[in-house]
Each structure stands twice: as structure tokens, then as C-alpha cells.
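Before any comments, here is the structure.
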4 protein chains.
Amino acid sequence: MTDVVTEAGSQWLSREDLEQARERLPILYVDALPVRVDESGTVTSFGLLLRVTGHGEISRALVTGRVLYAERVRTALLRHLEKDLGPLALPKLPAAPQPFTVAEYFPVPGVTPFHDPRQHAVSLAFVVPVEGDCHPQQDALELTWVTPEEAADPHLQAEMVGGQGTLLRQALAVCGF
Amino acid sequence: MTDVVTEAGSQWLSREDLEQARERLPILYVDALPVRVDESGTVTSFGLLLRVTGHGEISRALVTGRVLYAERVRTALLRHLEKDLGPLALPKLPAAPQPFTVAEYFPVPGVTPFHDPRQHAVSLAFVVPVEGDCHPQQDALELTWVTPEEAADPHLQAEMVGGQGTLLRQALAVCGF
Amino acid sequence: MTDVVTEAGSQWLSREDLEQARERLPILYVDALPVRVDESGTVTSFGLLLRVTGHGEISRALVTGRVLYAERVRTALLRHLEKDLGPLALPKLPAAPQPFTVAEYFPVPGVTPFHDPRQHAVSLAFVVPVEGDCHPQQDALELTWVTPEEAADPHLQAEMVGGQGTLLRQALAVCGF
Amino acid sequence: MTDVVTEAGSQWLSREDLEQARERLPILYVDALPVRVDESGTVTSFGLLLRVTGHGEISRALVTGRVLYAERVRTALLRHLEKDLGPLALPKLPAAPQPFTVAEYFPVPGVTPFHDPRQHAVSLAFVVPVEGDCHPQQDALELTWVTPEEAADPHLQAEMVGGQGTLLRQALAVCGF
């Protein structure tokens, strides 16, 4: 859950204020798992980012990021998908505002399957079909498309940090795998 | 819920066998509400068919029809969407197999909000964004796109037969309206 | 969405800090609609609170409140249900963490159906069967149980503030009405 | 998916008619996974039946069975839960009619993760908290409560027939595991 937030302006938070808020309030996030679907809507592959973690290790990850003040959840999803997949990905957000699950990232590990040492983040998780060309941006090194079988691999899931392997597993289940 | 089923072949049912089965078993259906969405996935309009009912009246309706033996639910959805909207509608079925609700059409009115004098039909209901051109086929006279506000009109909903007004209302709620 | 927050301690927010955060970050809430169900799980009545609004008017409302730092969403739901319904209500939270919808309360009306002049609140909404005795507490004057038909009344829904009438309508739809 | 159907009467099917229908129509089923929850609604254990399969092997299974003509889905769920868990299980069906997934059991293996050599069954799957005493009945030998960790064991899941291990895995995901 790396987000390099550098918003300016009176409505948003300075890095310092954000640090302070992170010790006081649950911070609202979105998690998105990009998928490719066939003409019947069945998922054919799942898109995973390769990121460099804070410890310099490489890890697979979902698209993730903060919801800003006065920002719609949909807008935040589109913003983070564009940030990580580029402007030509053509994500198709679901018509319903209901997330497939809510991932509660706790600063202390073990409370839930999800963990974020920086903060208490509560994340609305969505599966998002993308139809266009994906070109990873910013701190995402690469985007890999894996088959449902590969995505179900416990080793792959265990490598993901913060419990995102659990989120991937839950998304697979939601998609019928 | 008009479907003119004339399948041949040993696996499927003759009209006579279907009549008989309809008195003995719940029949599996799908209901689909076609929608237009904007680039953020928000529904901008709902697609309603105009049909001639068995009594010669004109009524608004959802896309609906039976799931056949050995047919995937997804395939049935695509087949009925193509039957009613034409081959160029480009429906985008959801990645998850979960319907937004299950409508139980009873032969006796009043058991549930849904009623089908011909049979006990249990229908998996889906909201389906369509991106292409829609040209009603067969027994659908016309397809009308209505705004969320128009779709929420109790008079419009009350006109729909078999309780499909309730299904439209439920679909609106699922889409955040 | 009235919450009388009087938490002390370093982890939580002073009233002043909360005011400041409310101008900078979306604040995470939960909304709960208490219901009575029969032995088949069908909802027989919906529980609505009578509250005095900031303007001294009386309004029907859902159980609602903030999720605190390091608090589980489930814990927040139980805390607010107990606050409003008393300690003997015996709420039965759903096994799944998925809310039935996400209500985005914007400080400016008209962006979504939901509005909260104090803040940008994003609320996870749940239908919660309660089995015990309910005794409204604190700033809730009374709890009324209404039938699904009464709850569907557009006049009743229009009276509710902040768009909670829409949330009630969506909950009805989710419960099959 | 063993159901010993012995209904009499004109509305229901003779065993012979059922055999015939099974070659012609998708048959509507329900699958239920009984769970124990704590006071916050979190699942603490999952209930699995031990059954003797058609081949004389012992296998873990979900509660499952057919929906009858003119029977509500809720009624079918209660009937099969009582059949397998006894009359004192006190199942708490969800307020929403939406299943967590739809399992399509095909007569030919490999079309979906679900397989039933006898028929094309389409099953609405539910997680059902039970609060009372469970005493397996009829052809269920035993009911075992397993922890979420035990239920997640790939070996346990692989042992289950007809793809019910996949259904168990999907139910775990829906419950946040």
C-alpha cells in the first residue's frame, strides 16, 4: 500500500498533517485488482503489479491508494488505476458501489489478515476489468498478467505484503475460482 | 417473462415436455437489466423493453429467459441479451457469478413480489452494462433508455407485469440510486 | 448522523482535532438498519430511531457513527448499536465483512444522494437483525418498528435527513422488498 | 449432493419423472455452509458433514438439496438444514435473498469447478450461522466443526467431491478469511 501523496491546496493534507492523522483516524483506501475478461465476462487473467517495497524488496501488489477529501470512491479508483496502469488502460468500474470486501489494514499485525505498519487503513476492494493497454507508471515497476491457476498459487499469495495475498485469494473466490 | 422456446434435439424439451415440467419443477431463469454507464461506471440510463403481453397489452420489461440444460448461466444471459437487443449490443457481463438478487416468480400471486401464472420460475438477476448498438429483436417491440429518475417513477414500475417493477427498483438501489 | 464523540487518550481525537480532520480527510462511518426477522430470516419490520436534529426538528434515522482509530468495523457497529438500542438488543452482525452499499455523505448536497454538512463521511451500510429488547439511549428519543410497507412509504423516506431515506430504500431492496 | 427425494403428490415428481427431468432441465439446488459465529458475527468454525458417497467412500460435504416446485428458496434451505442438522440447530438465514455465489454443477467435469454426474444442477450457495444443537440425520454420518485454518487446508478441500471444496474456499473468502 504505497501511495506517494503530494497533494497541495487547503483542502488536502500536508505530509506532516497526514502523518498526524494516520495516528488518530482510520484512513480510507481503495484496493483494485485489474482483470482481463473474455466476451462472456469470465476472468481470463489477473493483473499484478511488481513494486519495490520500503525494504528494497520486490513484491507483487494490487492497485491501491487513498481516497481524498471530497473525492468520490469511483474517482479515487480511476485515479489510482491510471496512476499505476497508465491513461490507456480503460478500466470498467462496476455499476454498483458495493465493494466485494472491506480489508482492514491494522498497524499491529494479527488483528486481521491485513497489516500496514504506517496506519490503520480501511480499504474498499474491487475487481476491475480493464480493456485497454496497460503501462505501469511511477513506483510500479511492471504489470504481470497471471492466469487464475497462477493467481491461486499459495506461494505467490504468500509473497505479497500486508495481506494482499489474502485479498487476491478473496477476489479469485468472488470471480468464481 | 415471455420466452418462445423452440429448441429441438434430444437434450432439450419439447413444448409438451416443458409444459409438464413447469407443473413439477422450479424453472431456472435469468433476468437482465441493460444499462448505459459513463466512464466512471455510474449508470446514466436503464434500458427497458416494450413488449406485447399475452393479453395484448403493451408493457415495459427486463430481458429475461430460461437457462437451458447444460447451458452456463453466462451463456444464457448472453443469448437472451442478443435475442432482445440484437447482436451488436456488446453486453459486459459482471466478472462475479453472484446475481444481485434472486427473484422467485410464483404461479400464485402474493407469495413473493414476483408472479408468473405459467410456472414457478426462479430467476438470477443481473445489471448488465451494454456498450454497443441495441436493436430489439423478435417479440420485443422497442427498447427505451430511461434516466435513473424516470426508472424510479412508481407509476412506471407499477405498469410492469409479474413484479418486474420491483426488480427494477431493486436494481436501481444496487446501482446506488 | 449525530455522534457524540468524547473519547479521551492519545490515540483518539480531541474535538478540535476532529474538527480539523473533518476538513481534510474522508471520515469512516458505519450505518446500521436494525431489523426483526422471522424464523425463515425474512424481515418483518425495520427499526428506525427518532432523533432531534441540529435544528431542533424530529427525524427518523438509522443507527450511525464513526469508526475509531484501531477499531474493527464490527466493533464500531456493535458499539453504535449498543449506544442507540441499549445493551440488551442482541444484534446479529452478518458473517461477511461486505457492506450492502457504501454511502458517500458529501459536505455539498447533490454530489451523491447523501449529504452531511459537517464533513465528507464514507459509510459502510449494514442490515442487522436484532433479537433482544431495544431501549433507545442517549440522543435517540425512541425506536419505532415499521413494516416493510410502511418503510417503503416515499413520505417517510423523504422526511429522513442526509439522504438516509435513500439508504432505507436501498436496504429494503437488498432484503427483497 | 445426495438428496433422498420421496415426495408424493401430483405437484411433485416421481423418481422416474425426476430422472427424466434431470436429462432435460437444469435442476435448482441450494448449498448451505453452517457456521458458528462469536458475538461480533465473526465465524469461529465451519460445519462440515461426513457422508458416504455413492462409491462407498466417506467424504466431507456441505448441506445441499433440491428446491421443490412451489417452494421458497428460504424454505428449501431450512428443510435441508433440518434434514442434515436436526430440528434444534436454529439456523439464522440471511435477511437478503442474494446467495454469495451460484455453483453450476455440470454432468461433464471441467466445464466449471463443480460436477454432478447425475444432472445439471444450479445451486444457490449460502453461509448460515446456526445457534442451536446440531444432530446429523439421515444419510449424514457426522457433523464436524473445523476452524477457519482447518477449513482452508487444501487437502481437506481436495477431498470433497463435486467441487464442494471450491465452494468451501469461496465461503471462507466471503467470510473474510
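Just so we're on the same page: first chain in the C-alpha cells is A, next is B, and so on; residues restart at 1 for each chain, and ligands are numbered from 1 in the order they show up.
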Please tabulate, as JSON lines, the residues of chain A that come within 12 Å of chain B, each with its closest pair of atoms and the distance in Å to one decimal, counting only C-alpha atoms and ordering rows by chain, then residue number upward.
```
{"residue": "A:Leu33", "atom": "CA", "partner": "B:Ala95", "partner_atom": "CA", "distance": 11.7}
{"residue": "A:Pro34", "atom": "CA", "partner": "B:Ala95", "partner_atom": "CA", "distance": 11.1}
{"residue": "A:Val35", "atom": "CA", "partner": "B:Ala95", "partner_atom": "CA", "distance": 8.8}
{"residue": "A:Arg36", "atom": "CA", "partner": "B:Ala95", "partner_atom": "CA", "distance": 9.4}
{"residue": "A:Val37", "atom": "CA", "partner": "B:Ala95", "partner_atom": "CA", "distance": 7.3}
{"residue": "A:Asp38", "atom": "CA", "partner": "B:Ala95", "partner_atom": "CA", "distance": 9.5}
{"residue": "A:Glu39", "atom": "CA", "partner": "B:Lys92", "partner_atom": "CA", "distance": 7.5}
{"residue": "A:Ser40", "atom": "CA", "partner": "B:Arg74", "partner_atom": "CA", "distance": 6.2}
{"residue": "A:Gly41", "atom": "CA", "partner": "B:Leu93", "partner_atom": "CA", "distance": 4.8}
{"residue": "A:Thr42", "atom": "CA", "partner": "B:Ala95", "partner_atom": "CA", "distance": 5.5}
{"residue": "A:Val43", "atom": "CA", "partner": "B:Ala95", "partner_atom": "CA", "distance": 6.1}
{"residue": "A:Thr44", "atom": "CA", "partner": "B:Ala95", "partner_atom": "CA", "distance": 9.9}
{"residue": "A:Ser45", "atom": "CA", "partner": "B:Ala95", "partner_atom": "CA", "distance": 11.3}
{"residue": "A:Phe46", "atom": "CA", "partner": "B:Ala95", "partner_atom": "CA", "distance": 11.5}
{"residue": "A:Arg72", "atom": "CA", "partner": "B:Ser40", "partner_atom": "CA", "distance": 10.0}
{"residue": "A:Val73", "atom": "CA", "partner": "B:Ser40", "partner_atom": "CA", "distance": 10.0}
{"residue": "A:Arg74", "atom": "CA", "partner": "B:Ser40", "partner_atom": "CA", "distance": 6.2}
{"residue": "A:Thr75", "atom": "CA", "partner": "B:Ser40", "partner_atom": "CA", "distance": 7.0}
{"residue": "A:Ala76", "atom": "CA", "partner": "B:Ser40", "partner_atom": "CA", "distance": 10.1}
{"residue": "A:Leu77", "atom": "CA", "partner": "B:Ser40", "partner_atom": "CA", "distance": 8.9}
{"residue": "A:Leu78", "atom": "CA", "partner": "B:Ser40", "partner_atom": "CA", "distance": 7.2}
{"residue": "A:Arg79", "atom": "CA", "partner": "B:Ser40", "partner_atom": "CA", "distance": 10.4}
{"residue": "A:Leu81", "atom": "CA", "partner": "B:Ser40", "partner_atom": "CA", "distance": 11.7}
{"residue": "A:Ala89", "atom": "CA", "partner": "B:Glu39", "partner_atom": "CA", "distance": 12.0}
{"residue": "A:Leu90", "atom": "CA", "partner": "B:Glu39", "partner_atom": "CA", "distance": 8.5}
{"residue": "A:Pro91", "atom": "CA", "partner": "B:Glu39", "partner_atom": "CA", "distance": 8.4}
{"residue": "A:Lys92", "atom": "CA", "partner": "B:Gly41", "partner_atom": "CA", "distance": 6.3}
{"residue": "A:Leu93", "atom": "CA", "partner": "B:Gly41", "partner_atom": "CA", "distance": 4.8}
{"residue": "A:Pro94", "atom": "CA", "partner": "B:Gly41", "partner_atom": "CA", "distance": 5.7}
{"residue": "A:Ala95", "atom": "CA", "partner": "B:Gly41", "partner_atom": "CA", "distance": 5.2}
{"residue": "A:Ala96", "atom": "CA", "partner": "B:Cys175", "partner_atom": "CA", "distance": 4.3}
{"residue": "A:Pro97", "atom": "CA", "partner": "B:Gly176", "partner_atom": "CA", "distance": 6.3}
{"residue": "A:Gln98", "atom": "CA", "partner": "B:Val174", "partner_atom": "CA", "distance": 7.9}
{"residue": "A:Pro99", "atom": "CA", "partner": "B:Val174", "partner_atom": "CA", "distance": 11.6}
{"residue": "A:Phe100", "atom": "CA", "partner": "B:Ala96", "partner_atom": "CA", "distance": 9.5}
{"residue": "A:Phe126", "atom": "CA", "partner": "B:Ala95", "partner_atom": "CA", "distance": 10.8}
{"residue": "A:Val127", "atom": "CA", "partner": "B:Ala95", "partner_atom": "CA", "distance": 7.9}
{"residue": "A:Val128", "atom": "CA", "partner": "B:Ala95", "partner_atom": "CA", "distance": 8.5}
{"residue": "A:Pro129", "atom": "CA", "partner": "B:Ala95", "partner_atom": "CA", "distance": 7.8}
{"residue": "A:Val130", "atom": "CA", "partner": "B:Ala95", "partner_atom": "CA", "distance": 11.4}
{"residue": "A:Glu131", "atom": "CA", "partner": "B:Lys92", "partner_atom": "CA", "distance": 11.1}
{"residue": "A:Gln170", "atom": "CA", "partner": "B:Ala96", "partner_atom": "CA", "distance": 11.7}
{"residue": "A:Ala171", "atom": "CA", "partner": "B:Ala96", "partner_atom": "CA", "distance": 9.2}
{"residue": "A:Leu172", "atom": "CA", "partner": "B:Ala96", "partner_atom": "CA", "distance": 9.3}
{"residue": "A:Ala173", "atom": "CA", "partner": "B:Ala96", "partner_atom": "CA", "distance": 8.7}
{"residue": "A:Val174", "atom": "CA", "partner": "B:Ala96", "partner_atom": "CA", "distance": 5.7}
{"residue": "A:Cys175", "atom": "CA", "partner": "B:Ala96", "partner_atom": "CA", "distance": 4.3}
{"residue": "A:Gly176", "atom": "CA", "partner": "B:Pro97", "partner_atom": "CA", "distance": 6.3}
{"residue": "A:Phe177", "atom": "CA", "partner": "B:Ala96", "partner_atom": "CA", "distance": 9.6}
```
Let's have the selection written as a compact mmCIF listing (two decimals), in the first residue's frame, with N, CA and C atoms.
```txt
# COMPACT_ATOMS: atom_id res chain seq x y z
N LEU A 33 -8.17 -4.83 -8.11
CA LEU A 33 -7.49 -5.91 -8.80
C LEU A 33 -7.90 -5.85 -10.27
N PRO A 34 -6.98 -5.43 -11.16
CA PRO A 34 -7.31 -5.37 -12.59
C PRO A 34 -7.42 -6.78 -13.15
N VAL A 35 -8.42 -7.01 -13.99
CA VAL A 35 -8.57 -8.32 -14.62
C VAL A 35 -8.84 -8.15 -16.11
N ARG A 36 -8.49 -9.18 -16.87
CA ARG A 36 -8.91 -9.30 -18.26
C ARG A 36 -10.05 -10.30 -18.30
N VAL A 37 -11.11 -9.98 -19.04
CA VAL A 37 -12.24 -10.90 -19.15
C VAL A 37 -12.47 -11.26 -20.61
N ASP A 38 -13.08 -12.43 -20.84
CA ASP A 38 -13.45 -12.80 -22.21
C ASP A 38 -14.85 -12.25 -22.51
N GLU A 39 -15.39 -12.59 -23.68
CA GLU A 39 -16.64 -11.96 -24.09
C GLU A 39 -17.84 -12.37 -23.23
N SER A 40 -17.65 -13.45 -22.43
CA SER A 40 -18.73 -13.85 -21.52
C SER A 40 -18.54 -13.25 -20.13
N GLY A 41 -17.53 -12.40 -19.96
CA GLY A 41 -17.28 -11.78 -18.67
C GLY A 41 -16.42 -12.60 -17.74
N THR A 42 -16.09 -13.84 -18.13
CA THR A 42 -15.24 -14.69 -17.29
C THR A 42 -13.82 -14.14 -17.25
N VAL A 43 -13.25 -14.12 -16.04
CA VAL A 43 -11.89 -13.61 -15.91
C VAL A 43 -10.91 -14.60 -16.53
N THR A 44 -10.05 -14.11 -17.43
CA THR A 44 -9.02 -14.95 -18.04
C THR A 44 -7.66 -14.71 -17.40
N SER A 45 -7.42 -13.48 -16.91
CA SER A 45 -6.17 -13.25 -16.19
C SER A 45 -6.30 -12.11 -15.20
N PHE A 46 -5.45 -12.16 -14.19
CA PHE A 46 -5.42 -11.18 -13.12
C PHE A 46 -4.15 -10.36 -13.25
N ARG A 72 -14.97 11.25 -4.77
CA ARG A 72 -15.80 10.06 -4.85
C ARG A 72 -14.91 8.81 -4.80
N VAL A 73 -15.46 7.73 -4.26
CA VAL A 73 -14.72 6.46 -4.26
C VAL A 73 -14.39 6.05 -5.70
N ARG A 74 -15.37 6.23 -6.61
CA ARG A 74 -15.13 5.91 -8.03
C ARG A 74 -13.97 6.72 -8.61
N THR A 75 -13.92 7.99 -8.25
CA THR A 75 -12.87 8.86 -8.78
C THR A 75 -11.51 8.42 -8.24
N ALA A 76 -11.48 8.06 -6.97
CA ALA A 76 -10.23 7.57 -6.39
C ALA A 76 -9.77 6.28 -7.08
N LEU A 77 -10.71 5.39 -7.35
CA LEU A 77 -10.37 4.15 -8.06
C LEU A 77 -9.76 4.47 -9.42
N LEU A 78 -10.42 5.35 -10.19
CA LEU A 78 -9.92 5.69 -11.52
C LEU A 78 -8.55 6.36 -11.44
N ARG A 79 -8.37 7.23 -10.46
CA ARG A 79 -7.11 7.95 -10.30
C ARG A 79 -5.97 6.97 -10.02
N LEU A 81 -5.96 3.68 -10.58
CA LEU A 81 -5.77 2.79 -11.73
C LEU A 81 -4.96 3.49 -12.82
N ALA A 89 -5.59 2.41 -20.00
CA ALA A 89 -5.99 1.09 -19.52
C ALA A 89 -7.48 0.81 -19.71
N LEU A 90 -8.29 1.86 -19.81
CA LEU A 90 -9.75 1.73 -19.99
C LEU A 90 -10.39 0.81 -18.93
N PRO A 91 -10.27 1.17 -17.67
CA PRO A 91 -10.91 0.36 -16.62
C PRO A 91 -12.42 0.50 -16.67
N LYS A 92 -13.11 -0.62 -16.42
CA LYS A 92 -14.57 -0.65 -16.41
C LYS A 92 -15.04 -0.86 -14.98
N LEU A 93 -15.26 0.23 -14.28
CA LEU A 93 -15.70 0.11 -12.89
C LEU A 93 -17.09 -0.50 -12.82
N PRO A 94 -17.34 -1.30 -11.77
CA PRO A 94 -18.68 -1.89 -11.64
C PRO A 94 -19.75 -0.81 -11.43
N ALA A 95 -20.98 -1.13 -11.88
CA ALA A 95 -22.09 -0.19 -11.74
C ALA A 95 -22.51 -0.02 -10.27
N ALA A 96 -22.30 -1.04 -9.47
CA ALA A 96 -22.71 -1.00 -8.07
C ALA A 96 -21.59 -0.43 -7.20
N PRO A 97 -21.92 0.42 -6.22
CA PRO A 97 -20.89 0.97 -5.34
C PRO A 97 -20.38 -0.02 -4.29
N GLN A 98 -21.00 -1.19 -4.21
CA GLN A 98 -20.64 -2.18 -3.19
C GLN A 98 -19.28 -2.82 -3.48
N PRO A 99 -18.31 -2.71 -2.54
CA PRO A 99 -17.05 -3.42 -2.74
C PRO A 99 -17.26 -4.91 -2.53
N PHE A 100 -16.36 -5.74 -3.07
CA PHE A 100 -16.54 -7.18 -2.85
C PHE A 100 -16.13 -7.57 -1.43
N PHE A 126 -12.19 -3.82 -4.94
CA PHE A 126 -12.96 -4.03 -6.16
C PHE A 126 -12.16 -4.84 -7.18
N VAL A 127 -12.86 -5.65 -7.95
CA VAL A 127 -12.30 -6.30 -9.13
C VAL A 127 -12.67 -5.43 -10.32
N VAL A 128 -11.70 -5.03 -11.13
CA VAL A 128 -11.96 -4.08 -12.21
C VAL A 128 -11.46 -4.61 -13.55
N PRO A 129 -12.38 -4.99 -14.44
CA PRO A 129 -11.94 -5.36 -15.79
C PRO A 129 -11.31 -4.16 -16.49
N VAL A 130 -10.18 -4.38 -17.14
CA VAL A 130 -9.56 -3.33 -17.95
C VAL A 130 -9.47 -3.84 -19.39
N GLU A 131 -9.77 -2.93 -20.33
CA GLU A 131 -9.87 -3.33 -21.73
C GLU A 131 -8.76 -2.78 -22.60
N GLN A 170 -9.36 -13.80 -2.05
CA GLN A 170 -10.78 -13.47 -1.92
C GLN A 170 -11.36 -13.01 -3.26
N ALA A 171 -10.57 -12.26 -4.01
CA ALA A 171 -11.03 -11.81 -5.32
C ALA A 171 -11.22 -13.00 -6.27
N LEU A 172 -10.31 -13.95 -6.22
CA LEU A 172 -10.45 -15.17 -7.03
C LEU A 172 -11.77 -15.86 -6.71
N ALA A 173 -12.07 -15.97 -5.43
CA ALA A 173 -13.30 -16.64 -5.00
C ALA A 173 -14.53 -15.91 -5.51
N VAL A 174 -14.49 -14.59 -5.41
CA VAL A 174 -15.62 -13.78 -5.87
C VAL A 174 -15.85 -13.96 -7.37
N CYS A 175 -14.76 -14.16 -8.12
CA CYS A 175 -14.85 -14.33 -9.57
C CYS A 175 -15.17 -15.78 -9.97
N GLY A 176 -15.43 -16.64 -8.99
CA GLY A 176 -15.88 -17.99 -9.29
C GLY A 176 -14.77 -19.03 -9.33
N PHE A 177 -13.55 -18.66 -8.92
CA PHE A 177 -12.44 -19.62 -8.96
C PHE A 177 -12.17 -20.20 -7.57
```
Legend entry - Secondary structure check, helix (DSSP H, G or I) residues of chain A, as a PyMOL selection string: chain A and resi 15-22+73-85+148-151+154-159+161-174
Inset, instruction - Identify which of the residues B:Val122, B:Tyr69, B:Gly54, B:Gly86 lies closest to Tyr105 (chain D), counting only C-alpha atoms when measuring atom-to-atom distances. - result: B:Tyr69
Legend entry - 10 Å contact set for Leu25 (chain C), only C-alpha atoms, chain neighbours under 3 positions out, as number ranges by chain: A: 11-13, 18, 21, 25-28, 66-71; C: 20-22, 28, 119-121
Inset, instruction - From the DSSP assignment of the backbone, select every residue of chain B that is strand (DSSP E or B), and format the answer as a count of residues only. - result: 55
Legend entry - Separation of CA of Leu62 (chain D) from CA of Gly132 (chain D) in Å: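 Here the two named atoms are 17.7 Å from each other.
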Write out as a compact mmCIF listing (two decimals) with N, CA and C atoms, in the first residue's frame which residues come within 6 Å of Asp31 (chain D) when counting only C-alpha atoms, dropping same-chain ones fewer than 6 positions away.
```txt
# COMPACT_ATOMS: atom_id res chain seq x y z
N VAL D 63 -24.26 -28.91 3.41
CA VAL D 63 -25.69 -29.21 3.38
C VAL D 63 -26.21 -28.82 2.00
N THR D 64 -26.91 -29.72 1.36
CA THR D 64 -27.30 -29.45 -0.01
C THR D 64 -28.58 -30.19 -0.36
N ALA D 125 -25.77 -20.68 -3.19
CA ALA D 125 -24.95 -21.03 -2.02
C ALA D 125 -25.02 -19.96 -0.95
```
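From CA of Gln157 (chain C) back to CA of Val108 (chain C), the distance works out to 20.3 Å.
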Inset, instruction - Could you check how far CA of Pro113 (chain A) sits from CA of Ala152 (chain D), in Å to one decimal? - result: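 Computing it gives 13.6 Å between the two atoms.
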Legend entry - Shell around Met160 (chain A) at 8 Å using only C-alpha atoms, local window under 3 positions removed, as JSON, numbers by chain: {"A": [59, 60, 61, 156, 157, 163, 164, 165]}
